[in-house]
Amino acid sequence: MKTKHIFLYVAITIAFFSCESFLEEDPKAVIAPETFFASENDARQAMNGVYGILKNNSIYGQVGLDVFYDNGADIIEPNRATNIFEPIGNYSMNEAIADVSVQKMSVSDTWKDLYRVINNVNIVIDRVTDNEAITPASQLDIIADARFVRALSYWHITNLWGDAPYYTEALEIDEVKVLGRTDEATIISGVLDDLQFAQANLQDAYTGDNSGRASKWAAAIIEAKILMQQEQWQLGLDKCIEIINQSPHALLSNYADVFDPKNEYNSEIIWSLDFAKDIRGQFEEGTVRDDGSLPAVFGNGNWRPSMFSPRLRDEPANNDDSDALKAALAANNEAFNGTGLQVASKDFAEKFPANDLRRALNIQDTYAGIQLNFPYMSKFWNLDVNDSPRFNHSDNRLVFRLADVHLMAAECENERPGGSPIVAYSYIKDLRERAYTSIVDAEIIKGLSQQAFREAIYDERKWELAGEAHRRYDLIRWGILFDVVENLEYRFWDPSANIKSWHVKLPIPLQELQTNPNLLQSDPTNNGYR
């Protein structure tokens, strides 16, 4: 699973997804059973290729899912106007804009790549099932892995688009491109079935070359999130307690340690995608020089850390401090070589409690005592000159961690019939106590009414999980996105003036509608965008 092995999989992956448009692929060229599934190793390589798509810019590699799950809310915004974030952050999205790709990041790119994943795992499942070249135990393991990834992809699709094409068979492309939209509830039912299969057949954890592969607990946390979406609070609580009590994961005692790039597989991390420095992503066509060498930018697709790191040209706040800043960076063998395109929002920086120890990791506006122009989220920084050159980080992409589950358990307990805010607090007691030096300050939300504790959870998830691609998802499921956005003041945009009721979902991109008019049959408005 390690990205450093990706070149071993080129023969597999190039056949899977070399085409720019998923709907232009020829399925006969995609799968050749005698070549790709003649052994267990072939099937494993195929699944590594599928994980490679998840690392693409449009999903977890750069800012794909970050755009949809974090921007346009009350935690992060760019430090300057930029077309990567503007349609979501400023709520100017429409069908045509959905097709506009910047560094292979757009609504269209995310749609295509999620369906590339689904198409490929359907083929993997079909070719592995009853394959005599693969032992029954390995068949089960590979299929469980594939079904987790399929569930993950459809979960994202329903979160972003609601009703959508849904299929679990190895279909021909001509069959796929005439599919209409299946209702969200039906898709989620299938997602839950896949997640339960994955939990029954995946391992507690994966290490070594399998690091970065999702475990049964990654499947469990998605199931818990779906149960909460459905307001099945008791079932959601039961699933959260199962994860807390039975998984090998544990909260760290120090918030900063969770994000230490030298401890990427710490016990709090339930799932993170493994990246490696100096390895090119599969979809970065055109970024390798003619001689095969790597350019100075666009390393391995994982320049998400560069998004959160400062650009030297933007800093410091006082030009007279420029030489001092450069000297301080050089003394630490560090560099401000990021883009600065994701910083703490004005609203977030103003409201984050001053006595919360998490603040320093989420709002850093000084370096070596020198005042900076913008408040950065330094928990995502890796400024090391040697280990993390610009756009070429080895940092893993954190997807799920146990702190989220504790917060989910507290919310479920508070919301379930007969639930108790006092008991709910017990699930986040450790999180609060590591966030404050004073027990009195930590316990200030203990003993609240149900409504007051509900509102405290709104904030607690914001402070704890900032920038981890949860916020818009939370605001939408709580039904308070509009209330929050209408009271926001951004540095460059005015989302409060633009947000509309339909912005809880994305439009299906125009090129998809032109290829497949059946996508408009059940909803001619395209989620309200026409």
# chains A, B, ... in the order shown; residues from 1 in each chain; ligands from 1
call {"tool": "residues_around", "arguments": {"residues": "Ile480 of chain A", "least_positions_apart": "2", "cutoff": "12 Å", "atoms": "only C-alpha atoms", "output": "MDAnalysis selection string"}}
result
chainID A and resid 73:74 455 458 471:478 482:487 501 504
call {"tool": "write_last_selection", "arguments": {"atoms": "N, CA and C atoms", "output": "short mmCIF file (atom, residue, chain, number, x, y, z; two decimals), in the first residue's frame"}}
result
data_model
loop_
_atom_site.label_atom_id
_atom_site.label_comp_id
_atom_site.auth_asym_id
_atom_site.auth_seq_id
_atom_site.Cartn_x
_atom_site.Cartn_y
_atom_site.Cartn_z
N ALA A 73 -17.77 27.72 5.03
CA ALA A 73 -18.28 27.56 6.40
C ALA A 73 -17.54 28.55 7.29
N ASP A 74 -17.37 28.20 8.55
CA ASP A 74 -16.88 29.17 9.53
C ASP A 74 -15.55 28.78 10.15
N GLU A 455 -25.53 23.00 21.58
CA GLU A 455 -24.81 24.15 21.02
C GLU A 455 -23.33 24.11 21.38
N TYR A 458 -21.72 21.91 18.90
CA TYR A 458 -21.48 22.63 17.65
C TYR A 458 -20.09 23.28 17.68
N ARG A 471 -16.68 20.26 8.59
CA ARG A 471 -17.53 21.34 9.07
C ARG A 471 -18.81 21.56 8.27
N ARG A 472 -18.72 21.69 6.94
CA ARG A 472 -19.96 21.92 6.17
C ARG A 472 -20.88 20.72 6.27
N TYR A 473 -20.30 19.53 6.32
CA TYR A 473 -21.09 18.31 6.52
C TYR A 473 -21.87 18.40 7.82
N ASP A 474 -21.21 18.83 8.89
CA ASP A 474 -21.89 18.97 10.18
C ASP A 474 -22.97 20.04 10.13
N LEU A 475 -22.63 21.21 9.59
CA LEU A 475 -23.59 22.30 9.56
C LEU A 475 -24.83 21.93 8.75
N ILE A 476 -24.63 21.19 7.68
CA ILE A 476 -25.78 20.78 6.85
C ILE A 476 -26.63 19.77 7.59
N ARG A 477 -26.01 18.77 8.23
CA ARG A 477 -26.83 17.76 8.91
C ARG A 477 -27.53 18.35 10.13
N TRP A 478 -26.94 19.38 10.75
CA TRP A 478 -27.60 20.05 11.87
C TRP A 478 -28.68 21.01 11.40
N PHE A 482 -27.21 27.79 6.86
CA PHE A 482 -27.61 29.14 6.46
C PHE A 482 -27.48 30.12 7.62
N ASP A 483 -27.88 29.69 8.80
CA ASP A 483 -27.77 30.57 9.96
C ASP A 483 -26.32 30.97 10.20
N VAL A 484 -25.41 30.00 10.04
CA VAL A 484 -23.99 30.29 10.27
C VAL A 484 -23.43 31.18 9.18
N VAL A 485 -23.67 30.82 7.92
CA VAL A 485 -23.08 31.56 6.81
C VAL A 485 -23.63 32.98 6.73
N GLU A 486 -24.90 33.15 7.03
CA GLU A 486 -25.50 34.48 6.94
C GLU A 486 -24.92 35.46 7.95
N ASN A 487 -24.18 34.95 8.92
CA ASN A 487 -23.55 35.82 9.92
C ASN A 487 -22.04 35.87 9.79
N SER A 501 -30.83 28.17 -0.74
CA SER A 501 -31.29 26.94 -0.08
C SER A 501 -30.71 25.69 -0.75
N VAL A 504 -26.90 23.23 -0.27
CA VAL A 504 -26.54 22.08 0.57
C VAL A 504 -26.09 20.91 -0.29
#
call {"tool": "residues_around", "arguments": {"residues": "Leu202 of chain A", "least_positions_apart": "3", "cutoff": "6 Å", "atoms": "only C-alpha atoms", "output": "list in words"}}
result
Ala198, Gln199, Ser215 and Lys216 of chain A
call {"tool": "residues_around", "arguments": {"residues": "Ile97 of chain A", "least_positions_apart": "6", "cutoff": "10 Å", "atoms": "only C-alpha atoms", "output": "list in words"}}
result
Asn83, Pro87, Ser106, Val107, Ser108, Pro507, Pro509 and Leu510 of chain A
call {"tool": "residues_around", "arguments": {"residues": "segment 223-239 of chain A", "least_positions_apart": "5", "cutoff": "7 Å", "atoms": "only C-alpha atoms", "output": "list of chain:residue names"}}
result
A:Leu192, A:Leu195, A:Ala409, A:Cys412, A:Glu413, A:Glu415, A:Arg416, A:Arg477
call {"tool": "residues_around", "arguments": {"residues": "segment 151-159 of chain A", "least_positions_apart": "6", "cutoff": "8 Å", "atoms": "only C-alpha atoms", "output": "mmCIF file with C-alpha atoms, in the first residue's frame"}}
result
data_model
loop_
_atom_site.group_PDB
_atom_site.id
_atom_site.type_symbol
_atom_site.label_atom_id
_atom_site.label_comp_id
_atom_site.auth_asym_id
_atom_site.auth_seq_id
_atom_site.Cartn_x
_atom_site.Cartn_y
_atom_site.Cartn_z
ATOM 1 C CA TRP A 111 -17.646 13.187 -9.663
ATOM 2 C CA LEU A 114 -15.502 8.780 -7.358
ATOM 3 C CA TYR A 115 -17.234 6.898 -10.156
ATOM 4 C CA VAL A 117 -13.363 4.143 -7.998
ATOM 5 C CA ILE A 118 -16.820 2.568 -8.040
ATOM 6 C CA GLU A 184 -30.348 8.673 -1.726
ATOM 7 C CA ILE A 187 -27.930 4.171 -2.037
ATOM 8 C CA ILE A 188 -27.355 4.576 1.702
ATOM 9 C CA GLY A 190 -26.426 -0.352 -0.020
ATOM 10 C CA VAL A 191 -23.622 1.628 1.611
ATOM 11 C CA LEU A 192 -24.570 0.286 5.036
ATOM 12 C CA ASP A 194 -21.079 -2.768 2.267
ATOM 13 C CA LEU A 195 -19.856 -1.210 5.511
ATOM 14 C CA ILE A 222 -18.790 5.906 8.491
ATOM 15 C CA TYR A 473 -21.086 18.311 6.517
ATOM 16 C CA LYS A 505 -25.887 19.924 -2.523
#
call {"tool": "residues_around", "arguments": {"residues": "Ile270 of chain A", "least_positions_apart": "6", "cutoff": "12 Å", "atoms": "only C-alpha atoms", "output": "short mmCIF file (atom, residue, chain, number, x, y, z; two decimals) with N, CA, C and O atoms, in the first residue's frame"}}
result
data_model
loop_
_atom_site.label_atom_id
_atom_site.label_comp_id
_atom_site.auth_asym_id
_atom_site.auth_seq_id
_atom_site.Cartn_x
_atom_site.Cartn_y
_atom_site.Cartn_z
N ASP A 204 -8.40 -5.30 12.37
CA ASP A 204 -8.41 -4.18 13.30
C ASP A 204 -7.47 -3.07 12.84
O ASP A 204 -7.72 -1.89 13.10
N ALA A 205 -6.38 -3.43 12.20
CA ALA A 205 -5.38 -2.46 11.77
C ALA A 205 -4.49 -3.09 10.72
O ALA A 205 -4.40 -4.32 10.63
N TYR A 206 -3.84 -2.25 9.93
CA TYR A 206 -2.90 -2.71 8.92
C TYR A 206 -1.58 -1.98 9.10
O TYR A 206 -1.56 -0.76 9.37
N SER A 211 0.15 -0.25 5.38
CA SER A 211 -0.19 1.01 6.05
C SER A 211 -0.90 1.93 5.07
O SER A 211 -0.47 2.09 3.92
N GLY A 212 -1.95 2.53 5.51
CA GLY A 212 -2.75 3.37 4.63
C GLY A 212 -4.00 2.66 4.13
O GLY A 212 -4.91 3.29 3.59
N ARG A 213 -4.07 1.36 4.33
CA ARG A 213 -5.28 0.62 3.99
C ARG A 213 -6.30 0.80 5.11
O ARG A 213 -5.95 0.82 6.30
N ALA A 214 -7.55 0.93 4.77
CA ALA A 214 -8.60 1.14 5.76
C ALA A 214 -8.88 -0.14 6.54
O ALA A 214 -8.92 -1.23 5.98
N SER A 215 -9.09 0.00 7.84
CA SER A 215 -9.43 -1.13 8.71
C SER A 215 -10.94 -1.21 8.90
O SER A 215 -11.70 -0.38 8.38
N LYS A 216 -11.37 -2.19 9.66
CA LYS A 216 -12.79 -2.34 9.97
C LYS A 216 -13.33 -1.12 10.71
O LYS A 216 -14.52 -0.80 10.60
N TRP A 217 -12.44 -0.40 11.43
CA TRP A 217 -12.90 0.73 12.23
C TRP A 217 -13.15 1.96 11.37
O TRP A 217 -13.96 2.82 11.75
N ALA A 218 -12.49 2.05 10.23
CA ALA A 218 -12.82 3.12 9.28
C ALA A 218 -14.23 2.91 8.75
O ALA A 218 -15.00 3.86 8.59
N ALA A 219 -14.57 1.65 8.49
CA ALA A 219 -15.94 1.34 8.05
C ALA A 219 -16.93 1.64 9.17
O ALA A 219 -18.04 2.15 8.93
N ALA A 220 -16.55 1.35 10.40
CA ALA A 220 -17.46 1.56 11.54
C ALA A 220 -17.77 3.03 11.75
O ALA A 220 -18.91 3.40 12.06
N ILE A 221 -16.78 3.90 11.58
CA ILE A 221 -17.04 5.32 11.83
C ILE A 221 -17.97 5.90 10.76
O ILE A 221 -18.83 6.74 11.06
N ILE A 222 -17.86 5.43 9.51
CA ILE A 222 -18.79 5.91 8.49
C ILE A 222 -20.20 5.42 8.80
O ILE A 222 -21.18 6.17 8.66
N ILE A 243 -16.54 1.33 18.83
CA ILE A 243 -15.24 1.80 18.34
C ILE A 243 -14.34 2.19 19.50
O ILE A 243 -13.16 1.82 19.56
N ILE A 244 -14.88 2.94 20.45
CA ILE A 244 -14.09 3.41 21.59
C ILE A 244 -13.57 2.25 22.43
O ILE A 244 -12.40 2.23 22.84
N SER A 247 -11.83 -1.03 19.54
CA SER A 247 -10.78 -0.79 18.56
C SER A 247 -9.44 -0.64 19.27
O SER A 247 -9.38 -0.38 20.47
N PRO A 248 -8.33 -0.79 18.53
CA PRO A 248 -7.00 -0.62 19.14
C PRO A 248 -6.62 0.85 19.31
O PRO A 248 -5.50 1.15 19.75
N HIS A 249 -7.52 1.77 18.99
CA HIS A 249 -7.20 3.19 19.00
C HIS A 249 -7.44 3.82 20.37
O HIS A 249 -8.33 3.40 21.11
N ALA A 250 -6.63 4.83 20.68
CA ALA A 250 -6.74 5.53 21.95
C ALA A 250 -6.40 7.00 21.74
O ALA A 250 -5.59 7.34 20.87
N LEU A 251 -7.00 7.86 22.54
CA LEU A 251 -6.70 9.28 22.47
C LEU A 251 -5.28 9.54 22.98
O LEU A 251 -4.83 8.91 23.93
N VAL A 258 -0.95 14.52 17.92
CA VAL A 258 -1.81 13.85 16.93
C VAL A 258 -1.35 14.17 15.51
O VAL A 258 -1.44 13.33 14.61
N GLU A 264 2.95 9.47 12.21
CA GLU A 264 1.74 9.54 11.39
C GLU A 264 0.73 8.43 11.66
O GLU A 264 -0.43 8.56 11.32
N ARG A 397 -2.43 11.80 4.68
CA ARG A 397 -3.68 12.54 4.68
C ARG A 397 -4.59 11.93 5.74
O ARG A 397 -5.12 10.83 5.58
N LEU A 398 -4.76 12.64 6.84
CA LEU A 398 -5.64 12.19 7.91
C LEU A 398 -7.08 12.21 7.43
O LEU A 398 -7.55 13.21 6.90
N VAL A 399 -7.80 11.10 7.62
CA VAL A 399 -9.20 11.03 7.22
C VAL A 399 -10.10 10.94 8.46
O VAL A 399 -11.01 11.77 8.63
N PHE A 400 -9.85 9.97 9.33
CA PHE A 400 -10.68 9.81 10.53
C PHE A 400 -9.78 9.61 11.75
O PHE A 400 -8.75 8.93 11.66
N ARG A 401 -10.20 10.17 12.90
CA ARG A 401 -9.48 9.90 14.14
C ARG A 401 -10.46 9.73 15.30
O ARG A 401 -11.64 10.11 15.21
N LEU A 402 -9.96 9.17 16.38
CA LEU A 402 -10.82 8.75 17.47
C LEU A 402 -11.49 9.92 18.18
O LEU A 402 -12.60 9.77 18.71
N ALA A 403 -10.87 11.09 18.21
CA ALA A 403 -11.49 12.24 18.86
C ALA A 403 -12.86 12.53 18.25
O ALA A 403 -13.80 12.90 18.96
N ASP A 404 -12.97 12.36 16.96
CA ASP A 404 -14.24 12.55 16.27
C ASP A 404 -15.30 11.59 16.84
O ASP A 404 -16.44 11.98 17.09
N VAL A 405 -14.91 10.35 17.08
CA VAL A 405 -15.85 9.36 17.60
C VAL A 405 -16.32 9.74 19.00
O VAL A 405 -17.50 9.58 19.34
#
call {"tool": "select_by_dssp", "arguments": {"residues": "segment 284-504 of chain A", "states": "strand (DSSP E or B)", "output": "NGL selection string"}}
result
:A and (311 or 334 or 337 or 343-344 or 364-367 or 370-376 or 384 or 397-401)
call {"tool": "residues_around", "arguments": {"residues": "segment 178-180 of chain A", "least_positions_apart": "6", "cutoff": "7 Å", "atoms": "only C-alpha atoms", "output": "list in words"}}
result
Pro165, Asn516, Asn518, Leu519 and Gln521 of chain A
call {"tool": "closest_residue", "arguments": {"among": "A:Phe197, A:Phe336, A:Tyr60, A:Tyr427", "to": "Ile142 of chain A", "atoms": "only C-alpha atoms"}}
result
A:Phe197
call {"tool": "atom_distance", "arguments": {"atom1": "atom CA of Asp365 of chain A", "atom2": "atom CA of Pro316 of chain A"}}
result
9.6 Å
